[in-house]
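Next up, target33.cif (mmCIF, C-alpha atoms):
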data_work
loop_
_atom_site.label_atom_id
_atom_site.label_comp_id
_atom_site.auth_asym_id
_atom_site.auth_seq_id
_atom_site.Cartn_x
_atom_site.Cartn_y
_atom_site.Cartn_z
CA MET C 1 25.19 22.39 -57.93
CA TYR C 2 22.42 19.79 -57.90
CA VAL C 3 19.79 20.59 -55.27
CA LEU C 4 18.03 17.72 -53.54
CA PRO C 5 14.34 18.52 -52.98
CA LEU C 6 14.17 16.81 -49.58
CA GLU C 7 11.30 18.85 -48.19
CA LYS C 8 9.21 18.20 -51.27
CA LEU C 9 9.87 14.48 -51.12
CA TRP C 10 9.39 14.06 -47.39
CA HIS C 11 7.06 16.97 -46.62
CA ALA C 12 9.67 18.35 -44.19
CA GLN C 13 9.22 15.35 -41.88
CA LYS C 14 12.53 13.50 -41.69
CA GLU C 15 15.86 14.32 -43.30
CA PRO C 16 17.86 11.34 -44.64
CA VAL C 17 20.64 9.80 -42.55
CA VAL C 18 23.69 8.77 -44.60
CA ILE C 19 26.03 6.25 -42.98
CA LEU C 20 29.48 6.19 -44.56
CA LEU C 21 31.57 3.04 -44.00
CA GLY C 22 35.20 3.80 -44.88
CA TRP C 23 37.83 1.69 -46.57
CA ALA C 24 40.57 0.06 -44.48
CA GLY C 25 43.15 2.67 -43.57
CA SER C 26 40.98 5.67 -44.42
CA LYS C 27 40.97 8.63 -42.06
CA ASP C 28 37.99 10.64 -40.93
CA ARG C 29 39.23 13.59 -43.00
CA HIS C 30 38.90 11.40 -46.10
CA LEU C 31 35.30 10.44 -45.35
CA ALA C 32 34.46 14.04 -44.42
CA LYS C 33 34.88 15.02 -48.07
CA TYR C 34 32.20 12.51 -49.02
CA SER C 35 30.01 13.59 -46.13
CA SER C 36 29.98 17.12 -47.51
CA ILE C 37 28.14 15.85 -50.62
CA TYR C 38 25.19 15.00 -48.40
CA ASN C 39 25.61 17.59 -45.64
CA GLU C 40 25.25 20.41 -48.17
CA GLN C 41 21.84 19.00 -49.05
CA GLY C 42 20.62 18.92 -45.45
CA CYS C 43 21.33 15.26 -44.69
CA ILE C 44 22.60 13.88 -41.40
CA THR C 45 25.81 11.88 -41.82
CA LEU C 46 27.58 9.29 -39.68
CA ARG C 47 31.11 8.13 -40.50
CA TYR C 48 33.00 5.04 -39.38
CA THR C 49 36.06 3.11 -40.54
CA ALA C 50 36.79 -0.36 -39.18
CA PRO C 51 40.39 -0.94 -37.96
CA TRP C 52 42.55 -2.32 -40.75
CA LYS C 53 43.81 -5.15 -38.53
CA THR C 54 40.25 -6.35 -38.08
CA VAL C 55 39.50 -6.12 -41.80
CA PHE C 56 42.63 -7.91 -43.01
CA PHE C 57 43.42 -10.35 -40.20
CA SER C 58 40.49 -10.97 -37.87
CA GLU C 59 38.03 -11.50 -40.73
CA SER C 60 40.48 -13.76 -42.55
CA PHE C 61 40.75 -15.92 -39.42
CA GLY C 62 36.97 -16.16 -39.26
CA CYS C 63 36.53 -13.85 -36.26
CA LYS C 64 33.30 -11.86 -36.33
CA GLY C 65 34.34 -8.77 -34.40
CA LEU C 66 32.75 -6.56 -37.03
CA SER C 67 29.37 -8.00 -36.10
CA THR C 68 29.58 -6.28 -32.71
CA THR C 69 30.64 -3.05 -34.39
CA ALA C 70 27.68 -3.29 -36.75
CA GLN C 71 25.27 -3.56 -33.83
CA GLN C 72 26.88 -0.59 -32.08
CA LEU C 73 26.50 1.54 -35.22
CA LEU C 74 22.83 0.68 -35.56
CA ASP C 75 22.31 1.37 -31.85
CA LEU C 76 23.60 4.89 -32.47
CA LEU C 77 20.59 5.61 -34.66
CA PHE C 78 18.36 5.05 -31.63
CA ASP C 79 20.70 6.96 -29.31
CA TYR C 80 20.56 9.96 -31.68
CA GLU C 81 16.80 9.49 -32.09
CA VAL C 82 16.95 9.24 -35.89
CA GLU C 83 15.68 5.66 -36.11
CA ASN C 84 12.59 6.84 -38.01
CA ASN C 85 14.54 8.74 -40.66
CA PRO C 86 15.24 7.27 -44.09
CA ILE C 87 18.72 5.71 -44.15
CA LEU C 88 21.25 5.48 -46.98
CA PHE C 89 24.50 3.53 -46.71
CA HIS C 90 27.60 4.69 -48.60
CA VAL C 91 30.13 1.85 -48.52
CA PHE C 92 33.79 1.97 -49.55
CA SER C 93 35.97 -0.94 -50.66
CA ASN C 94 36.02 -4.34 -48.99
CA GLY C 95 36.70 -2.77 -45.60
CA GLY C 96 33.37 -0.99 -45.63
CA PHE C 97 31.60 -3.85 -47.40
CA MET C 98 32.64 -6.38 -44.75
CA LEU C 99 31.04 -4.22 -42.07
CA TYR C 100 27.99 -3.60 -44.27
CA ARG C 101 27.56 -7.39 -44.57
CA TYR C 102 27.00 -7.66 -40.80
CA ILE C 103 24.74 -4.62 -40.77
CA VAL C 104 22.53 -6.24 -43.40
CA GLU C 105 22.39 -9.46 -41.41
CA LEU C 106 21.24 -7.54 -38.34
CA LEU C 107 18.66 -5.58 -40.30
CA HIS C 108 17.04 -8.85 -41.31
CA SER C 109 17.44 -10.82 -38.07
CA HIS C 110 17.19 -8.32 -35.19
CA LYS C 111 13.66 -7.33 -34.18
CA GLN C 112 14.52 -3.74 -33.25
CA PHE C 113 16.71 -3.07 -36.29
CA SER C 114 14.22 -4.58 -38.72
CA THR C 115 12.05 -1.48 -38.22
CA LEU C 116 14.71 0.85 -39.66
CA CYS C 117 13.85 2.42 -43.02
CA VAL C 118 16.80 1.76 -45.35
CA VAL C 119 16.16 3.37 -48.74
CA GLY C 120 19.34 2.47 -50.62
CA THR C 121 23.06 1.69 -50.72
CA VAL C 122 25.94 3.25 -52.64
CA VAL C 123 28.92 0.90 -53.06
CA ASP C 124 32.23 2.50 -54.06
CA SER C 125 35.08 0.24 -55.26
CA ALA C 126 33.56 -2.97 -53.91
CA PRO C 127 32.99 -5.80 -53.43
CA GLY C 128 35.92 -8.00 -54.33
CA ALA C 129 35.97 -11.78 -54.13
CA ARG C 130 39.08 -13.89 -53.40
CA ASN C 131 41.49 -11.46 -55.07
CA VAL C 132 44.69 -12.08 -53.09
CA LYS C 133 46.84 -9.85 -55.31
CA GLY C 134 44.49 -6.90 -54.92
CA SER C 135 44.24 -7.42 -51.15
CA LEU C 136 48.02 -7.46 -50.85
CA ARG C 137 48.20 -4.19 -52.76
CA ALA C 138 45.66 -2.60 -50.42
CA LEU C 139 47.44 -3.84 -47.29
CA ASP C 140 50.80 -2.66 -48.60
CA VAL C 141 49.41 0.86 -49.14
CA ILE C 142 48.31 0.93 -45.49
CA LEU C 143 51.59 -0.45 -44.11
CA ALA C 144 54.08 1.42 -46.30
CA PRO C 145 54.05 4.91 -44.68
CA ASN C 146 54.57 4.03 -41.01
CA THR C 147 55.79 0.43 -40.79
CA ASN C 148 59.32 -0.92 -40.49
CA VAL C 149 60.35 -2.63 -43.74
CA VAL C 150 61.02 -5.98 -42.08
CA LEU C 151 57.71 -5.94 -40.20
CA ARG C 152 55.91 -4.77 -43.32
CA TYR C 153 57.05 -7.72 -45.41
CA PHE C 154 56.44 -10.12 -42.54
CA LEU C 155 52.83 -8.96 -42.24
CA LEU C 156 52.33 -9.15 -46.00
CA ALA C 157 53.72 -12.70 -46.05
CA LEU C 158 51.59 -13.69 -43.07
CA PHE C 159 48.48 -12.26 -44.68
CA PHE C 160 49.20 -14.00 -47.98
CA CYS C 161 49.70 -17.40 -46.34
CA MET C 162 46.65 -16.99 -44.14
CA VAL C 163 44.33 -15.96 -46.97
CA PHE C 164 45.70 -18.53 -49.39
CA ILE C 165 45.24 -21.40 -46.94
CA LEU C 166 42.00 -20.40 -45.18
CA ARG C 167 40.19 -18.58 -47.97
CA ILE C 168 41.29 -20.53 -51.03
CA VAL C 169 42.74 -23.98 -50.27
CA LEU C 170 40.51 -24.80 -47.28
CA TYR C 171 37.57 -22.58 -48.19
CA PRO C 172 35.37 -25.49 -49.31
CA LEU C 173 35.47 -26.48 -45.62
CA THR C 174 35.86 -23.16 -43.79
CA LYS C 175 32.90 -21.60 -45.63
CA TYR C 176 30.57 -23.71 -43.50
CA PHE C 177 31.89 -21.89 -40.42
CA HIS C 178 32.46 -18.43 -41.87
CA ARG C 179 31.63 -17.45 -45.43
CA ASN C 180 33.57 -14.57 -46.91
CA HIS C 181 31.75 -11.27 -47.35
CA TYR C 182 31.31 -11.70 -51.10
CA ASP C 183 29.67 -15.10 -50.98
CA ALA C 184 27.53 -14.08 -48.00
CA MET C 185 26.19 -11.02 -49.82
CA LEU C 186 25.34 -12.95 -52.96
CA GLY C 187 22.34 -14.12 -50.98
CA ASP C 188 21.52 -10.70 -49.51
CA PRO C 189 17.71 -10.57 -49.03
CA SER C 190 17.58 -6.76 -49.10
CA SER C 191 15.32 -5.22 -51.75
CA TRP C 192 16.29 -1.54 -51.57
CA PRO C 193 18.03 0.02 -54.64
CA GLN C 194 21.80 -0.10 -54.99
CA LEU C 195 24.36 1.99 -56.89
CA TYR C 196 27.79 0.51 -57.69
CA LEU C 197 30.63 2.90 -58.52
CA TYR C 198 33.73 1.23 -59.93
CA SER C 199 36.51 1.52 -62.49
CA LYS C 200 38.07 -1.00 -64.83
CA ALA C 201 41.40 0.67 -63.95
CA ASP C 202 41.04 -0.38 -60.29
CA LYS C 203 43.95 -2.68 -59.38
CA VAL C 204 42.50 -3.72 -56.03
CA ILE C 205 38.89 -4.61 -56.87
CA THR C 206 38.25 -6.04 -60.33
CA GLN C 207 35.30 -4.94 -62.41
CA THR C 208 34.48 -8.63 -62.88
CA ASP C 209 33.81 -9.00 -59.15
CA VAL C 210 31.73 -5.82 -59.02
CA LEU C 211 29.65 -6.73 -62.05
CA GLY C 212 29.22 -10.24 -60.67
CA MET C 213 27.53 -8.77 -57.61
CA VAL C 214 25.49 -6.38 -59.76
CA TRP C 215 24.24 -9.33 -61.79
CA ALA C 216 23.40 -11.33 -58.64
CA ARG C 217 21.37 -8.44 -57.23
CA GLN C 218 19.52 -7.96 -60.52
CA LEU C 219 18.59 -11.65 -60.55
CA LYS C 220 16.86 -11.06 -57.22
CA GLY C 221 14.81 -8.26 -58.73
CA VAL C 222 16.69 -5.43 -57.01
CA GLN C 223 16.96 -2.06 -58.77
CA VAL C 224 20.67 -1.71 -59.50
CA GLU C 225 22.65 1.06 -61.17
CA SER C 226 26.36 0.88 -61.99
CA VAL C 227 28.85 3.48 -63.17
CA ASP C 228 32.28 2.72 -64.63
CA PHE C 229 34.60 5.72 -64.15
CA THR C 230 37.03 3.97 -66.53
CA THR C 231 40.33 5.59 -65.54
CA SER C 232 40.20 6.30 -61.79
CA ALA C 233 42.13 4.20 -59.29
CA HIS C 234 40.76 2.39 -56.24
CA VAL C 235 38.48 4.66 -54.12
CA SER C 236 39.61 7.61 -56.25
CA HIS C 237 36.50 8.19 -58.36
CA PHE C 238 35.42 11.24 -56.37
CA ARG C 239 38.91 12.71 -56.45
CA ASP C 240 39.15 12.35 -60.24
CA PHE C 241 35.54 13.10 -61.14
CA PRO C 242 34.09 15.17 -58.27
CA GLU C 243 31.13 16.69 -60.11
CA GLN C 244 30.05 13.51 -61.86
CA TYR C 245 30.45 11.50 -58.66
CA SER C 246 28.43 13.95 -56.55
CA ASP C 247 25.67 14.21 -59.14
CA ARG C 248 25.29 10.43 -59.40
CA CYS C 249 25.15 9.98 -55.63
CA LEU C 250 22.57 12.73 -55.15
CA ALA C 251 20.47 11.61 -58.10
CA PHE C 252 20.47 8.11 -56.65
CA LEU C 253 19.44 9.38 -53.21
CA THR C 254 16.61 11.35 -54.81
CA HIS C 255 15.45 8.22 -56.64
CA CYS C 256 15.57 6.19 -53.42
CA LEU C 257 13.55 8.79 -51.51
CA GLN C 258 10.98 9.02 -54.29
CA SER C 259 10.65 5.24 -54.42
CA GLU C 260 10.19 4.99 -50.67
CA ALA C 261 7.66 7.83 -50.63
CA GLU C 262 5.69 6.15 -53.41
CA GLY C 263 5.84 2.85 -51.55
CA GLN C 264 4.48 4.50 -48.42
CA ARG C 265 1.60 6.02 -50.38
CA LYS C 266 0.70 2.65 -51.88
CA ARG C 267 0.85 0.96 -48.48
CA HIS C 268 -1.35 3.68 -47.02
CA LEU C 269 -3.91 3.31 -49.80
CA SER C 270 -3.97 -0.46 -49.41
CA VAL C 271 -5.05 -0.20 -45.75
CA PRO C 272 -8.86 0.01 -45.53
CA SER C 273 -10.10 3.04 -43.58
CA LYS C 274 -12.54 2.62 -40.72
CA ASN C 275 -15.23 4.47 -42.69
CA MET C 276 -15.05 1.88 -45.45
CA ARG C 277 -15.70 -1.06 -43.14
#

Represent the structure of the file as structure tokens.
Amino acid sequence: MYVLPLEKLWHAQKEPVVILLGWAGSKDRHLAKYSSIYNEQGCITLRYTAPWKTVFFSESFGCKGLSTTAQQLLDLLFDYEVENNPILFHVFSNGGFMLYRYIVELLHSHKQFSTLCVVGTVVDSAPGARNVKGSLRALDVILAPNTNVVLRYFLLALFFCMVFILRIVLYPLTKYFHRNHYDAMLGDPSSWPQLYLYSKADKVITQTDVLGMVWARQLKGVQVESVDFTTSAHVSHFRDFPEQYSDRCLAFLTHCLQSEAEGQRKRHLSVPSKNMR
């Protein structure tokens, strides 16, 4: 097992906080498996999954309920008194990415949150652009186990009509009121490193959409890594390749911590001491 040298990197000051944002329909037991990757290395982890109704319907209608949730999650860091710890986000599918979009906006617009030390982001099976077919597949997976057949197909039809009209036909107009998460994050001002984990076999999120975001981030000078797991299905990379997945996530976290530590040293050296004045 890969061992993360946290004490060496941070001189035993602050352990990293990893915030996991689950995919729509995921349960806490699902995210707990990912948390264990970081918990075993001494990290603090927080897990949250936005309600699927909010992800699929409220966001499609242009409601910004996830913005309030984003603020509440960031407030927790201050409630738990870990606001000075290095922070890594681990984001799953569009459900997690939609929430992450609002978190990023707050990190760059809210005075209190702008002081948080975000060192990097892992993005698993996201983001996807206006892929109606993939979104329908994802919603159907959520509805199938516990929903009446008639209601299930009604909700799928409602979602299709809503997305097709508001997010495709009328999007040239509605984007001025509420841009979708993909377009909004193309202009993400964040500079911390990012790792994108995807698969060309994913039938929900296309590799074209993922690589489009990777390219956009690289154009802004952001350090970006991407890994194609080739054969794994949507949000199934860890299940199919547990060792490779864990190693890549921990190696990325190590890189992020090293980069931040080096940045702190440079900032410290650039500040003139009183004895030099």

Original post:
If we count all atoms listed in the file, what is near Val123 (chain C) at a cut-off of 7 Å, once residues fewer than 5 positions away on the same chain are taken out, given as a PyMOL selection string?
Top reply: chain C and resi 90-92+195-197

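Matched in the shown structure by the PyMOL selection byres ((chain C and resi 247-252) around 8): Tyr2, Leu4, Ile37, Tyr38, Val122, Leu195, Glu243, Gln244, Tyr245, Ser246, Leu253, Thr254, His255 and Cys256 of chain C.
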
**OP:** Choose the residue, out of C:Val141, C:Ser135, C:Ser93, C:Gly221, that has the smallest atom-to-atom separation from Val163 (chain C); count all atoms listed in the file.
**Re:** C:Ser135

Where does region 210-246 of chain C meet region 26-31 of chain C within 12 Å, residue by residue, with the nearest atom pair and distance in Å to one decimal for each, counting all atoms listed in the file, listed by chain and rising number, as JSON lines?
{"residue": "C:Val235", "atom": "CA", "partner": "C:Ser26", "partner_atom": "CA", "distance": 10.1}
{"residue": "C:Ser236", "atom": "CA", "partner": "C:His30", "partner_atom": "CA", "distance": 10.9}
{"residue": "C:Phe238", "atom": "CA", "partner": "C:His30", "partner_atom": "CA", "distance": 10.8}
{"residue": "C:Arg239", "atom": "CA", "partner": "C:His30", "partner_atom": "CA", "distance": 10.4}

Original post:
Within 8 Å of Leu139 (chain C), counting only C-alpha atoms, which residues qualify if same-chain residues fewer than 3 places away don't, as a ChimeraX atom specification?
Top reply: /C:56,135-136,142-143,156

**OP:** Would you kindly identify which residues have an atom no farther than 8 Å from (19.1, 1.3, -45.1), using all atoms listed in the file and the file's own coordinates, and write them out as a ChimeraX atom specification?
**Re:** /C:86-89,116-121,192

**OP:** Determine the residue set returned by the PyMOL selection byres ((chain C and resi 49) around 7) for the present structure, and present it as a ChimeraX atom specification.
**Re:** /C:21-24,26,48,50-51

**OP:** Given the file shown, enumerate the residues that the PyMOL selection byres ((chain C and resi 42) around 9) captures and present them as JSON, numbers by chain.
**Re:** {"C": [4, 6, 15, 16, 38, 39, 40, 41, 43, 44]}

Mind checking which residues fall within 9 Å of Gly187 (chain C), counting only C-alpha atoms, ignoring those fewer than 5 positions away in the same chain, and posting them as a short mmCIF file (atom, residue, chain, number, x, y, z; two decimals) with C-alpha atoms, in the coordinates of the input?
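Wrote result06.cif, looks like this:
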data_model
loop_
_atom_site.label_atom_id
_atom_site.label_comp_id
_atom_site.auth_asym_id
_atom_site.auth_seq_id
_atom_site.Cartn_x
_atom_site.Cartn_y
_atom_site.Cartn_z
CA ALA C 216 23.40 -11.33 -58.64
CA ARG C 217 21.37 -8.44 -57.23
CA LYS C 220 16.86 -11.06 -57.22
#

Subject >> Counting only C-alpha atoms, the option among C:Thr206, C:Pro127, C:Leu219, C:Phe159 closest to Asp140 (chain C) >> reply: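 Using only C-alpha atoms, Asp140 (chain C) sits closest to C:Phe159.
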
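For the residues C:His108, C:Thr45, C:Arg130, C:Phe113, ranking by smallest atom-to-atom distance to Gln72 (chain C) using all atoms listed in the file places C:Phe113 first.
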
Original post:
Given the choices C:Val204, C:Val150, C:Met98, C:Leu77, which gets closest to Thr115 (chain C) if the distance is worked out from all atoms listed in the file?
Top reply: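 For Thr115 (chain C), the nearest of the candidates is C:Leu77.
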
**OP:** Please indicate the distance in Å from CA of His178 (chain C) to CA of Glu59 (chain C), rounded to one decimal place.
**Re:**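 If I compute the distance from CA of His178 (chain C) to CA of Glu59 (chain C), I get 9.0 Å.
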
**OP:** Find the distance between CA of Met162 (chain C) and CA of Asn94 (chain C) and write it in Å to one decimal.
**Re:** 17.2 Å

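Distance annotation: of C:Val227, C:Ser190, C:Ala144, C:Ala138, the residue with the minimal separation from Trp52 (chain C) is C:Ala138; atom set is only C-alpha atoms.
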
Reconstruct N, CA, C and O atoms of region 228-249 of chain C from the incomplete input and present them as a PDB file, keeping the file's coordinate frame.
ATOM      1  N   ASP C 228      30.859   2.993 -64.427  1.00  0.00           N
ATOM      2  CA  ASP C 228      32.280   2.720 -64.630  1.00  0.00           C
ATOM      3  C   ASP C 228      32.986   4.053 -64.905  1.00  0.00           C
ATOM      4  O   ASP C 228      32.748   4.698 -65.930  1.00  0.00           O
ATOM      5  N   PHE C 229      33.857   4.462 -63.980  1.00  0.00           N
ATOM      6  CA  PHE C 229      34.600   5.720 -64.150  1.00  0.00           C
ATOM      7  C   PHE C 229      35.828   5.530 -65.036  1.00  0.00           C
ATOM      8  O   PHE C 229      36.591   6.479 -65.246  1.00  0.00           O
ATOM      9  N   THR C 230      36.064   4.335 -65.478  1.00  0.00           N
ATOM     10  CA  THR C 230      37.030   3.970 -66.530  1.00  0.00           C
ATOM     11  C   THR C 230      38.500   4.141 -66.145  1.00  0.00           C
ATOM     12  O   THR C 230      39.278   3.193 -66.221  1.00  0.00           O
ATOM     13  N   THR C 231      38.903   5.326 -65.722  1.00  0.00           N
ATOM     14  CA  THR C 231      40.330   5.590 -65.540  1.00  0.00           C
ATOM     15  C   THR C 231      40.760   5.808 -64.093  1.00  0.00           C
ATOM     16  O   THR C 231      41.954   5.830 -63.800  1.00  0.00           O
ATOM     17  N   SER C 232      39.833   5.972 -63.173  1.00  0.00           N
ATOM     18  CA  SER C 232      40.200   6.300 -61.790  1.00  0.00           C
ATOM     19  C   SER C 232      40.672   5.061 -61.034  1.00  0.00           C
ATOM     20  O   SER C 232      40.224   3.944 -61.283  1.00  0.00           O
ATOM     21  N   ALA C 233      41.582   5.286 -60.087  1.00  0.00           N
ATOM     22  CA  ALA C 233      42.130   4.200 -59.290  1.00  0.00           C
ATOM     23  C   ALA C 233      41.170   3.831 -58.155  1.00  0.00           C
ATOM     24  O   ALA C 233      40.090   4.414 -58.012  1.00  0.00           O
ATOM     25  N   HIS C 234      41.581   2.891 -57.346  1.00  0.00           N
ATOM     26  CA  HIS C 234      40.760   2.390 -56.240  1.00  0.00           C
ATOM     27  C   HIS C 234      40.359   3.527 -55.292  1.00  0.00           C
ATOM     28  O   HIS C 234      41.192   4.331 -54.889  1.00  0.00           O
ATOM     29  N   VAL C 235      39.084   3.608 -54.947  1.00  0.00           N
ATOM     30  CA  VAL C 235      38.480   4.660 -54.120  1.00  0.00           C
ATOM     31  C   VAL C 235      38.986   6.065 -54.477  1.00  0.00           C
ATOM     32  O   VAL C 235      39.225   6.894 -53.608  1.00  0.00           O
ATOM     33  N   SER C 236      39.145   6.303 -55.772  1.00  0.00           N
ATOM     34  CA  SER C 236      39.610   7.610 -56.250  1.00  0.00           C
ATOM     35  C   SER C 236      38.646   8.229 -57.256  1.00  0.00           C
ATOM     36  O   SER C 236      38.994   9.201 -57.927  1.00  0.00           O
ATOM     37  N   HIS C 237      37.458   7.693 -57.365  1.00  0.00           N
ATOM     38  CA  HIS C 237      36.500   8.190 -58.360  1.00  0.00           C
ATOM     39  C   HIS C 237      36.060   9.618 -58.035  1.00  0.00           C
ATOM     40  O   HIS C 237      35.923  10.445 -58.932  1.00  0.00           O
ATOM     41  N   PHE C 238      35.835   9.891 -56.766  1.00  0.00           N
ATOM     42  CA  PHE C 238      35.420  11.240 -56.370  1.00  0.00           C
ATOM     43  C   PHE C 238      36.545  12.246 -56.568  1.00  0.00           C
ATOM     44  O   PHE C 238      36.316  13.382 -56.986  1.00  0.00           O
ATOM     45  N   ARG C 239      37.750  11.818 -56.277  1.00  0.00           N
ATOM     46  CA  ARG C 239      38.910  12.710 -56.450  1.00  0.00           C
ATOM     47  C   ARG C 239      39.091  13.078 -57.919  1.00  0.00           C
ATOM     48  O   ARG C 239      39.370  14.238 -58.253  1.00  0.00           O
ATOM     49  N   ASP C 240      38.914  12.106 -58.823  1.00  0.00           N
ATOM     50  CA  ASP C 240      39.150  12.350 -60.240  1.00  0.00           C
ATOM     51  C   ASP C 240      37.944  12.947 -60.961  1.00  0.00           C
ATOM     52  O   ASP C 240      38.109  13.682 -61.939  1.00  0.00           O
ATOM     53  N   PHE C 241      36.758  12.621 -60.482  1.00  0.00           N
ATOM     54  CA  PHE C 241      35.540  13.100 -61.140  1.00  0.00           C
ATOM     55  C   PHE C 241      34.544  13.628 -60.094  1.00  0.00           C
ATOM     56  O   PHE C 241      33.462  13.063 -59.910  1.00  0.00           O
ATOM     57  N   PRO C 242      34.905  14.698 -59.390  1.00  0.00           N
ATOM     58  CA  PRO C 242      34.090  15.170 -58.270  1.00  0.00           C
ATOM     59  C   PRO C 242      32.655  15.547 -58.632  1.00  0.00           C
ATOM     60  O   PRO C 242      31.712  15.204 -57.916  1.00  0.00           O
ATOM     61  N   GLU C 243      32.479  16.245 -59.743  1.00  0.00           N
ATOM     62  CA  GLU C 243      31.130  16.690 -60.110  1.00  0.00           C
ATOM     63  C   GLU C 243      30.259  15.521 -60.544  1.00  0.00           C
ATOM     64  O   GLU C 243      29.103  15.382 -60.111  1.00  0.00           O
ATOM     65  N   GLN C 244      30.808  14.661 -61.394  1.00  0.00           N
ATOM     66  CA  GLN C 244      30.050  13.510 -61.860  1.00  0.00           C
ATOM     67  C   GLN C 244      29.706  12.580 -60.700  1.00  0.00           C
ATOM     68  O   GLN C 244      28.582  12.065 -60.603  1.00  0.00           O
ATOM     69  N   TYR C 245      30.661  12.384 -59.811  1.00  0.00           N
ATOM     70  CA  TYR C 245      30.450  11.500 -58.660  1.00  0.00           C
ATOM     71  C   TYR C 245      29.347  12.048 -57.758  1.00  0.00           C
ATOM     72  O   TYR C 245      28.418  11.324 -57.380  1.00  0.00           O
ATOM     73  N   SER C 246      29.431  13.320 -57.428  1.00  0.00           N
ATOM     74  CA  SER C 246      28.430  13.950 -56.550  1.00  0.00           C
ATOM     75  C   SER C 246      27.043  13.883 -57.178  1.00  0.00           C
ATOM     76  O   SER C 246      26.057  13.556 -56.504  1.00  0.00           O
ATOM     77  N   ASP C 247      26.965  14.206 -58.461  1.00  0.00           N
ATOM     78  CA  ASP C 247      25.670  14.210 -59.140  1.00  0.00           C
ATOM     79  C   ASP C 247      25.038  12.823 -59.136  1.00  0.00           C
ATOM     80  O   ASP C 247      23.826  12.687 -58.927  1.00  0.00           O
ATOM     81  N   ARG C 248      25.846  11.782 -59.374  1.00  0.00           N
ATOM     82  CA  ARG C 248      25.290  10.430 -59.400  1.00  0.00           C
ATOM     83  C   ARG C 248      24.804  10.007 -58.016  1.00  0.00           C
ATOM     84  O   ARG C 248      23.744   9.380 -57.885  1.00  0.00           O
ATOM     85  N   CYS C 249      25.552  10.349 -56.992  1.00  0.00           N
ATOM     86  CA  CYS C 249      25.150   9.980 -55.630  1.00  0.00           C
ATOM     87  C   CYS C 249      23.858  10.692 -55.221  1.00  0.00           C
ATOM     88  O   CYS C 249      22.946  10.082 -54.648  1.00  0.00           O
TER      89      CYS C 249
END
